[in-house]
There are 2 protein chains.
Amino acid sequence: MRIKDLPAHVGEKVTIDGWLYNKRTSGKLQFPIVRDGSGYLQTVVFKKEVSEETWKASDEATQESSVRVTGVVRAEERAPGGVEVGVETFEILSLAAEYPITPKEHGTAFLMDHRHLWLRSSKQHAVLRVRNELEKACRDFFYDRDFVLIDSPILTANAAEGTSTLFETDYFGEKAYLSQSGQLYLEPAAAAFGKVYCFGPTFRAEKSKTRRHLMEFWMIEPEVAFLEFEGLQQLAEEFVEYLVGRAMDRCKEELKTLERDLSKLENVQRPFPRISYRDAIELLAGKGMDVKFGDDIGGDEETVIANSFDRPVIITKYPTAIKAFYMQPDPNDPDVVLGMDMIAPEGYGEIIGGSQRIHDHDLLLERIKQHNLPVEKFQWYLDVRKYGSFPHSGFGMGIERVVAWVSGVPHLRETIPYPRMLNRIYP
Amino acid sequence: MRIKDLPAHVGEKVTIDGWLYNKRTSGKLQFPIVRDGSGYLQTVVFKKEVSEETWKASDEATQESSVRVTGVVRAEERAPGGVEVGVETFEILSLAAEYPITPKEHGTAFLMDHRHLWLRSSKQHAVLRVRNELEKACRDFFYDRDFVLIDSPILTANAAEGTSTLFETDYFGEKAYLSQSGQLYLEPAAAAFGKVYCFGPTFRAEKSKTRRHLMEFWMIEPEVAFLEFEGLQQLAEEFVEYLVGRAMDRCKEELKTLERDLSKLENVQRPFPRISYRDAIELLAGKGMDVKFGDDIGGDEETVIANSFDRPVIITKYPTAIKAFYMQPDPNDPDVVLGMDMIAPEGYGEIIGGSQRIHDHDLLLERIKQHNLPVEKFQWYLDVRKYGSFPHSGFGMGIERVVAWVSGVPHLRETIPYPRMLNRIYP
């Protein structure tokens, strides 16, 4: 029996295995709070009604000791979950030595060193349950729309954007790199299945220490044959609206634990505002920021733009010069590409980046050469344009940023079970 | 509009974007078969009823050219999907140069070099759709049972079983290894969530060239707090029965394309036969094989055992000496551990390996030392036994082997979009 199922068993005798989360005592009564990963349960030990052994066990149980509790479920509206258990027997399965994470405040480094235990804390627990829900929502969204999952390879011989931010390994005598994106592998698969996506770990060996970056993070990337730029933006909007709705619908308890302001999430309804890069630059200049056409839109600028709207905003048509080699030029404005970024509200930054892809073979070849990429390693990628080319579009979304935004936690390190950061690969 | 949706649109005029799969001609009639990733569509071009342009385009379209076809859907029971389209206009979007994969036979090396195009072939298409279904079924199975997804890290500082089969990379001056299993990271998470699983890529740098191995493959690993050995076997059985049922239910077309003998799959019903390692050795010796207690059960032996049963078989209680350091000893027979492998029928080999884990701190510490593992790197793992230890169990299942078995393809290289094998990291 799990704690979350107890409300359907009022009046029944049950046994719960779990860990001691907390305890209140008042003379002849003890109130051990037990957690089992599915919820928190108030148990009541009344000295007069239990054996000496049970009273002693309940008394001696320390924080995070594993315990087995048997008793009768009864309604108690003031208890978490609306039920409590009147204890008949309370048994310590394994007494916890002094548990290092106590209700007092701890420094981040200490908590990160104890990440394997910190996962048990209620806030971390809630964030990772939100992650679990959002990841499943991603899978459901694309599966329900007949996208085929294409697990793109992690070990790759290509280095699409230069090798400086890539983790390298030896592959039986050849150099191999850990993937930063599955996109190149998805495009040929889109010709086979029409609609595809990948969702796996990606890697960036960047010496950055910001709260918005991890060395290892999970990215979901759809790619759709015959989809053009307008349709791409609609897909991204529909996807994000769906994700936020799922979390609000199925993570009520978790968002409450996290004290998330739900009114902000309720705003996330289509259509999202859209602004071209050219207009974004004007908006920023109008606010006194020193930016001009051709500049990158960094984190600070993103926040200023995001703060002008009450829901995610899509920035479109970036300068060709600052975007990836494979992006389709805008036929009406060849200095910009049919690329888009979606910026989350409340300062959570870019959550989606995508584009229509170049489908003309010769233009793509020219771009590969302009970017000094090794043509022979991209032959297979060029083949997609040689054998029945087709317009197509796709985007990538880092799940950690969406988890951070939906949960309302400012730092990505709390959005993944075992974060990999600069100088942190333990535990 | 996608091809698979056409049966609901008989009598309507539709436009399909796709690729030319094949073509028959008979005088004034052409029958281009178009595929769009969702299905195959017979189209009918009647010279008298179309423009000269359309006739010419249909005539000149080569295999894998991308095309746009407009016409009226009509029922035609002899056509794939039960419908065909009477063409009004047929347009070549991009003419394919001589497509390298023709209906004639090609060698494996050639096909693997063209994996990015080979994905378009009907058999590869079917196998990867089965993979897509099985992976989603894995996610649904554990989500529906309130398991929390814990994405375990790929970059790890631990090397649980020695470094000889690990891919290594530099992590900002430290040595890091690509993960071979998420298990060690799941066990602490099981203390936080009760029931957890991971499902991601894993890596083995083994110089082996068998049809049953890949360097990079996807593994799903559940881990459950308070679950003991008997429950573990039941979970594995229930899971595999569910997966096979899902494929039979939702991949009918694909399994037909693959000419899979469904009667073999229909047998996959619980309970599965179980045989102890000791009895398996006797069975093998009885068949004249030269094996004794303490020997590994290799691929050939597995097949002999599997052939004695009509559904997957679970082999239990292997010798302690040949199994991993963390497996719980059998209290009634300390020379063996509470570990299990599940062997698929028809020679597809081991699909699941799992065990109850040691939950006694001192015994685990002793085993870590016996295996010459660096104790300081396992401190966090030992912590799980220090702070409220609990019996727990889990298993790992490589999805490629299950896809191979369910699809009936003998070689793992066809079960993953871009296989990584010895000397193969392209495309």
# chains A, B, ... in the order shown; residues from 1 in each chain; ligands from 1

call {"tool": "closest_atom_pairs", "arguments": {"of": "chain A", "to": "chain B", "cutoff": "6 Å", "atoms": "only C-alpha atoms", "output": "CSV"}}
result
residue,atom,partner,partner_atom,distance
A:Asp36,CA,B:Gly194,CA,5.9
A:Gly37,CA,B:Phe193,CA,3.6
A:Glu64,CA,B:Gly388,CA,5.5
A:Ser65,CA,B:Gly388,CA,4.0
A:Ser66,CA,B:Gly388,CA,4.3
A:Ser94,CA,B:Gly388,CA,5.0
A:Leu95,CA,B:Gly388,CA,5.7
A:Ala96,CA,B:Tyr387,CA,4.1
A:Ala97,CA,B:Tyr387,CA,5.9
A:His116,CA,B:Pro188,CA,5.5
A:Leu119,CA,B:Ala192,CA,5.9
A:Arg120,CA,B:Ala192,CA,4.3
A:Asn132,CA,B:Leu149,CA,5.3
A:Val148,CA,B:Asn132,CA,5.9
A:Leu149,CA,B:Asn132,CA,5.3
A:Glu168,CA,B:Thr169,CA,5.9
A:Thr169,CA,B:Thr169,CA,5.1
A:Pro188,CA,B:His116,CA,5.6
A:Ala192,CA,B:Arg120,CA,4.3
A:Phe193,CA,B:Gly37,CA,3.6
A:Gly194,CA,B:Gly37,CA,4.7
A:Tyr387,CA,B:Ala96,CA,4.1
A:Gly388,CA,B:Ser65,CA,4.0
A:Ser389,CA,B:Ser94,CA,5.5

call {"tool": "residues_around", "arguments": {"residues": "segment 250-264 of chain B", "least_positions_apart": "6", "cutoff": "7 Å", "atoms": "only C-alpha atoms", "output": "list of chain:residue names"}}
result
B:Lys123, B:Ala126, B:Val130, B:Ser407, B:Gly408

call {"tool": "write_last_selection", "arguments": {"atoms": "C-alpha atoms", "output": "PDB file, in the first residue's frame"}}
result
ATOM      1  CA  LYS B 123      11.391  -3.070 -43.592  1.00  0.00           C
ATOM      2  CA  ALA B 126       8.553  -1.053 -39.893  1.00  0.00           C
ATOM      3  CA  VAL B 130       7.949  -1.095 -33.641  1.00  0.00           C
ATOM      4  CA  SER B 407      10.228  -7.629 -34.946  1.00  0.00           C
ATOM      5  CA  GLY B 408      11.953 -10.896 -35.751  1.00  0.00           C
TER       6      GLY B 408
END

call {"tool": "select_by_dssp", "arguments": {"residues": "segment 215-391 of chain A", "states": "helix (DSSP H, G or I)", "output": "MDAnalysis selection string"}}
result
chainID A and resid 229:250 252:257 262:266 277:286 299:306 320:322 361:370 375:383

call {"tool": "select_by_dssp", "arguments": {"residues": "segment 59-198 of chain A", "states": "strand (DSSP E)", "output": "PyMOL selection string"}}
result
chain A and resi 66-75+83-94+148-149+155-156+168-171+174-178+195-198

call {"tool": "residues_around", "arguments": {"residues": "Lys28 of chain A", "least_positions_apart": "5", "cutoff": "8 Å", "atoms": "only C-alpha atoms", "output": "PyMOL selection string"}}
result
chain A and resi 46-48

call {"tool": "write_last_selection", "arguments": {"atoms": "C-alpha atoms", "output": "compact mmCIF listing (two decimals), in the first residue's frame"}}
result
# COMPACT_ATOMS: atom_id res chain seq x y z
CA PHE A 46 -1.00 6.86 21.56
CA LYS A 47 1.03 5.44 24.45
CA LYS A 48 -1.92 3.78 26.13
